[in-house]
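K.L.:
File name upload_26.txt; file contents compact mmCIF, C-alpha atoms; full text below.
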# COMPACT_ATOMS: atom_id res chain seq x y z
CA PRO A 1 -3.61 303.51 229.97
CA ALA A 2 -0.24 302.26 228.75
CA ALA A 3 1.20 305.69 229.45
CA ALA A 4 0.07 305.48 233.08
CA ALA A 5 1.75 302.10 233.47
CA ALA A 6 4.94 303.29 231.75
CA ILE A 7 5.16 306.45 233.85
CA ASP A 8 4.61 304.51 237.07
CA ALA A 9 7.15 301.88 236.03
CA ALA A 10 9.72 304.58 235.25
CA ALA A 11 9.02 306.14 238.65
CA GLY A 12 9.86 302.82 240.32
CA ALA A 13 6.36 301.51 241.11
CA GLY A 14 7.33 298.02 239.96
CA PRO A 15 4.42 295.61 239.56
CA TRP A 16 2.04 298.28 240.88
CA SER A 17 2.52 300.10 237.59
CA LEU A 18 0.52 297.28 235.96
CA VAL A 19 -2.29 297.87 238.46
CA ALA A 20 -2.24 301.59 237.65
CA GLY A 21 -2.36 300.79 233.93
CA SER A 22 -5.32 298.45 234.49
CA TYR A 23 -7.23 301.10 236.46
CA ALA A 24 -6.43 303.73 233.83
CA SER A 25 -7.74 301.38 231.13
CA ILE A 26 -11.00 300.78 233.01
CA LEU A 27 -11.43 304.51 233.67
CA THR A 28 -10.79 305.30 230.00
CA SER A 29 -13.30 302.67 228.87
CA VAL A 30 -16.04 303.83 231.24
CA THR A 31 -15.50 307.49 230.38
CA SER A 32 -15.55 306.76 226.65
CA VAL A 33 -18.76 304.73 226.89
CA TRP A 34 -20.43 307.46 228.95
CA LEU A 35 -19.34 310.17 226.50
CA PHE A 36 -20.41 308.29 223.37
CA ALA A 37 -23.71 307.15 224.91
CA GLY A 38 -24.50 310.62 226.21
CA PHE A 39 -24.81 309.36 229.78
CA ARG A 40 -24.18 311.79 232.59
CA PRO A 41 -24.27 310.48 236.16
CA ARG A 42 -26.70 312.38 238.35
CA LEU A 43 -26.32 312.01 242.09
CA LYS A 44 -29.97 313.07 242.58
CA GLN A 45 -31.08 309.82 240.95
CA ALA A 46 -28.95 307.64 243.22
CA SER A 47 -30.77 306.03 246.11
CA VAL A 48 -30.63 302.96 248.28
CA ALA A 49 -33.73 301.59 246.55
CA VAL A 50 -32.09 301.87 243.12
CA TRP A 51 -28.89 300.34 244.49
CA ARG A 52 -30.84 297.37 245.89
CA GLU A 53 -32.75 296.93 242.62
CA LEU A 54 -29.51 296.90 240.67
CA GLY A 55 -28.01 294.51 243.19
CA VAL A 56 -30.84 292.04 242.72
CA MET A 57 -30.37 292.12 238.95
CA ALA A 58 -26.57 292.00 239.16
CA ARG A 59 -26.28 289.12 241.65
CA PRO A 60 -26.65 286.32 239.08
CA VAL A 61 -24.20 288.09 236.76
CA LEU A 62 -21.69 288.45 239.60
CA VAL A 63 -22.01 284.78 240.58
CA SER A 64 -21.60 283.76 236.93
CA GLU A 65 -18.48 285.92 236.57
CA ILE A 66 -16.98 284.47 239.75
CA PHE A 67 -17.54 280.91 238.47
CA SER A 68 -16.12 281.91 235.08
CA LYS A 69 -12.96 283.36 236.62
CA VAL A 70 -12.49 280.33 238.88
CA ALA A 71 -12.97 277.98 235.92
CA THR A 72 -10.32 279.82 233.89
CA GLN A 73 -7.84 279.44 236.77
CA LEU A 74 -8.47 275.78 237.64
CA ASP A 75 -5.99 274.53 235.08
CA ALA A 76 -3.30 276.84 236.44
CA ILE A 77 -4.05 275.80 240.00
CA ALA A 78 -3.77 272.14 239.04
CA LEU A 79 -0.82 272.40 236.63
CA GLY A 80 1.31 275.09 238.32
CA PRO A 81 2.41 273.34 241.52
CA ALA A 82 2.87 270.00 239.78
CA SER A 83 4.81 271.18 236.72
CA GLY A 84 6.38 274.50 237.62
CA ALA A 85 6.22 278.02 236.25
CA ALA A 86 7.92 277.28 232.90
CA ALA A 87 5.50 274.51 231.97
CA LEU A 88 2.55 276.62 233.12
CA GLY A 89 3.78 279.51 230.97
CA GLN A 90 4.08 277.27 227.93
CA TYR A 91 0.63 275.84 228.62
CA ARG A 92 -0.86 279.35 228.81
CA ASN A 93 0.83 280.36 225.54
CA GLY A 94 -0.52 277.25 223.82
CA LEU A 95 -3.97 277.90 225.24
CA ARG A 96 -3.93 281.45 223.87
CA LEU A 97 -2.93 280.14 220.45
CA ALA A 98 -5.75 277.62 220.54
CA GLN A 99 -8.31 280.21 221.61
CA HIS A 100 -7.61 282.76 218.87
CA PRO A 101 -9.99 281.24 216.32
CA SER A 102 -12.87 281.13 218.81
CA LEU A 103 -12.17 284.72 219.84
CA ALA A 104 -12.28 285.79 216.20
CA PHE A 105 -15.60 284.00 215.82
CA SER A 106 -16.96 285.70 218.96
CA ASN A 107 -15.98 289.09 217.59
CA ILE A 108 -17.66 288.37 214.28
CA VAL A 109 -20.82 287.25 216.04
CA GLY A 110 -20.79 290.20 218.41
CA TYR A 111 -20.16 292.91 215.87
CA VAL A 112 -21.75 291.58 212.69
CA LEU A 113 -24.20 288.74 213.22
CA LEU A 114 -26.02 289.91 216.36
CA PRO A 115 -26.87 293.36 214.95
CA ALA A 116 -28.02 291.77 211.70
CA LEU A 117 -30.17 289.24 213.54
CA ALA A 118 -31.53 292.01 215.78
CA ARG A 119 -32.85 293.76 212.69
CA LEU A 120 -34.76 290.59 211.82
CA SER A 121 -36.18 290.18 215.33
CA THR A 122 -39.63 291.47 214.38
CA ASP A 123 -40.03 288.80 211.69
CA THR A 124 -39.69 285.51 213.56
CA ALA A 125 -39.79 283.33 210.46
CA ARG A 126 -36.92 285.22 208.80
CA LEU A 127 -35.01 285.33 212.10
CA ALA A 128 -35.31 281.55 212.57
CA ALA A 129 -34.26 280.89 208.96
CA ALA A 130 -31.28 283.27 209.26
CA ALA A 131 -30.19 281.72 212.58
CA ARG A 132 -30.35 278.20 211.10
CA ARG A 133 -28.39 279.32 208.04
CA VAL A 134 -25.70 281.00 210.17
CA LEU A 135 -25.41 277.96 212.41
CA GLY A 136 -25.11 275.64 209.41
CA GLU A 137 -22.48 277.75 207.69
CA VAL A 138 -20.48 278.22 210.87
CA ALA A 139 -20.55 274.49 211.57
CA ALA A 140 -19.58 273.72 207.96
CA ALA A 141 -16.54 275.98 208.32
CA THR A 142 -15.45 275.30 211.89
CA VAL A 143 -15.88 271.53 212.22
CA PRO A 144 -13.38 270.65 209.45
CA ILE A 145 -10.93 273.31 210.65
CA SER A 146 -11.21 272.07 214.24
CA LEU A 147 -10.66 268.46 213.19
CA ALA A 148 -7.70 269.45 211.00
CA ALA A 149 -6.19 271.39 213.90
CA LEU A 150 -5.80 268.21 215.95
CA PRO A 151 -3.00 266.72 213.82
CA LEU A 152 -1.82 269.95 212.17
CA GLY A 153 -2.00 272.47 215.03
CA GLU A 154 1.51 271.99 216.37
CA PRO A 155 3.28 271.84 212.98
CA VAL A 156 1.46 274.95 211.74
CA ALA A 157 2.22 276.87 214.95
CA VAL A 158 5.91 275.92 214.74
CA LEU A 159 6.00 276.84 211.05
CA LEU A 160 4.44 280.25 211.67
CA LEU A 161 6.03 281.13 215.01
CA GLY A 162 9.32 279.24 215.04
CA HIS A 163 10.78 276.22 216.83
CA ARG A 164 10.90 277.91 220.25
CA TRP A 165 7.06 277.78 220.34
CA ARG A 166 6.94 273.98 220.01
CA GLU A 167 6.46 273.47 223.76
CA ALA A 168 3.47 275.81 223.80
In structure tokens, how does this file's structure come out?
P.N.:
Amino acid sequence: PAAAAAIDAAAGAGPWSLVAGSYASILTSVTSVWLFAGFRPRLKQASVAVWRELGVMARPVLVSEIFSKVATQLDAIALGPASGAAALGQYRNGLRLAQHPSLAFSNIVGYVLLPALARLSTDTARLAAAARRVLGEVAAATVPISLAALPLGEPVAVLLLGHRWREA
């Protein structure tokens, strides 16, 4: 994917090289998932009825994704015209810094906790006990860190990243 973007950029495609890189990334991801899952598309199985059935199931997901994307852009829409591109860039950098811990937690949940809890799904008592324990331990770890980040977030970021990141 990065190679596609680099080649297009070297050929003079400008910003369109980023679009090509994005499409190459999506194509690589879909192909990899199909290969590892053993899925092979069969045109014989495609029909209007299947398409409509998938559309009915996908509609709420699509609406949710649209709302999610709009919600992630509202701050930029509000802040950009009022403050300018530089302030918006610093805001976005700061937002990314602030979101890293939650992204790490999401990855841990997605790759470790959910499969472990799925194994317990047949035993509801053990599943409920494990879910309560996980929630308690996560809260015990994240609440103090989150509260400490309020006064210490900026000094720690500047210490780790340098003075030029203070605005973010």
K.L.:
One decimal, in Å: what's the spacing between atom CA of A:Leu54 and atom CA of A:Arg42?
P.N.:
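One can read the atom CA of A:Leu54 to atom CA of A:Arg42 distance as 15.9 Å.
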K.L.:
Give me the residues near A:Thr28 as a compact mmCIF listing (two decimals) with C-alpha atoms, keeping the file's coordinate frame, where near means some atom within 8 Å (using only C-alpha atoms) and where sequence neighbours in that chain fewer than 4 positions away do not count.
P.N.:
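For reference, out.txt as written:
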# COMPACT_ATOMS: atom_id res chain seq x y z
CA PRO A 1 -3.61 303.51 229.97
CA ALA A 24 -6.43 303.73 233.83
CA SER A 32 -15.55 306.76 226.65
K.L.:
Each side padded by 4 Å, which centre and which edge lengths in Å (one decimal) define the axis-aligned box around the listed atoms of stretch 44-54 of chain A? Give them as AutoDock Vina command-line options.
P.N.:
--center_x -31.3 --center_y 305.0 --center_z 244.5 --size_x 12.8 --size_y 24.2 --size_z 15.6
K.L.:
Between A:Phe105, A:Leu27, A:Asp8, A:Leu88, single out the one closest to A:Ala139, counting only C-alpha atoms.
P.N.:
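Among A:Phe105, A:Leu27, A:Asp8, A:Leu88, it is A:Phe105 that comes nearest to A:Ala139.
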K.L.:
List as a VMD selection string the protein and nucleic acid residues near stretch 150-154 of chain A, meaning an atom at most 10 Å away when only C-alpha atoms are counted, but skip any in the same chain fewer than 6 places from it.
P.N.:
chain A and resid 94 97 to 98 160 165 to 168
K.L.:
Any chance you could export the current selection's C-alpha atoms as a PDB file, in the frame of the given file?
P.N.:
ATOM      1  CA  GLY A  94      -0.520 277.250 223.820  1.00  0.00           C
ATOM      2  CA  LEU A  97      -2.930 280.140 220.450  1.00  0.00           C
ATOM      3  CA  ALA A  98      -5.750 277.620 220.540  1.00  0.00           C
ATOM      4  CA  LEU A 160       4.440 280.250 211.670  1.00  0.00           C
ATOM      5  CA  TRP A 165       7.060 277.780 220.340  1.00  0.00           C
ATOM      6  CA  ARG A 166       6.940 273.980 220.010  1.00  0.00           C
ATOM      7  CA  GLU A 167       6.460 273.470 223.760  1.00  0.00           C
ATOM      8  CA  ALA A 168       3.470 275.810 223.800  1.00  0.00           C
TER       9      ALA A 168
END
K.L.:
Nearest residue to A:Tyr23 out of A:Ala2, A:Ala85, A:Leu147, A:Ala131, using only C-alpha atoms?
P.N.:
A:Ala2
K.L.:
How many Å separate atom CA of A:Leu113 from atom CA of A:Ser64?
P.N.:
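Taking atom CA of A:Leu113 as the start and atom CA of A:Ser64 as the end point, the length is 24.4 Å.
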K.L.:
Atom CA of A:Ala3 and atom CA of A:Trp16, how far apart in Å?
P.N.:
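Result for atom CA of A:Trp16 versus atom CA of A:Ala3: 13.6 Å, one decimal.
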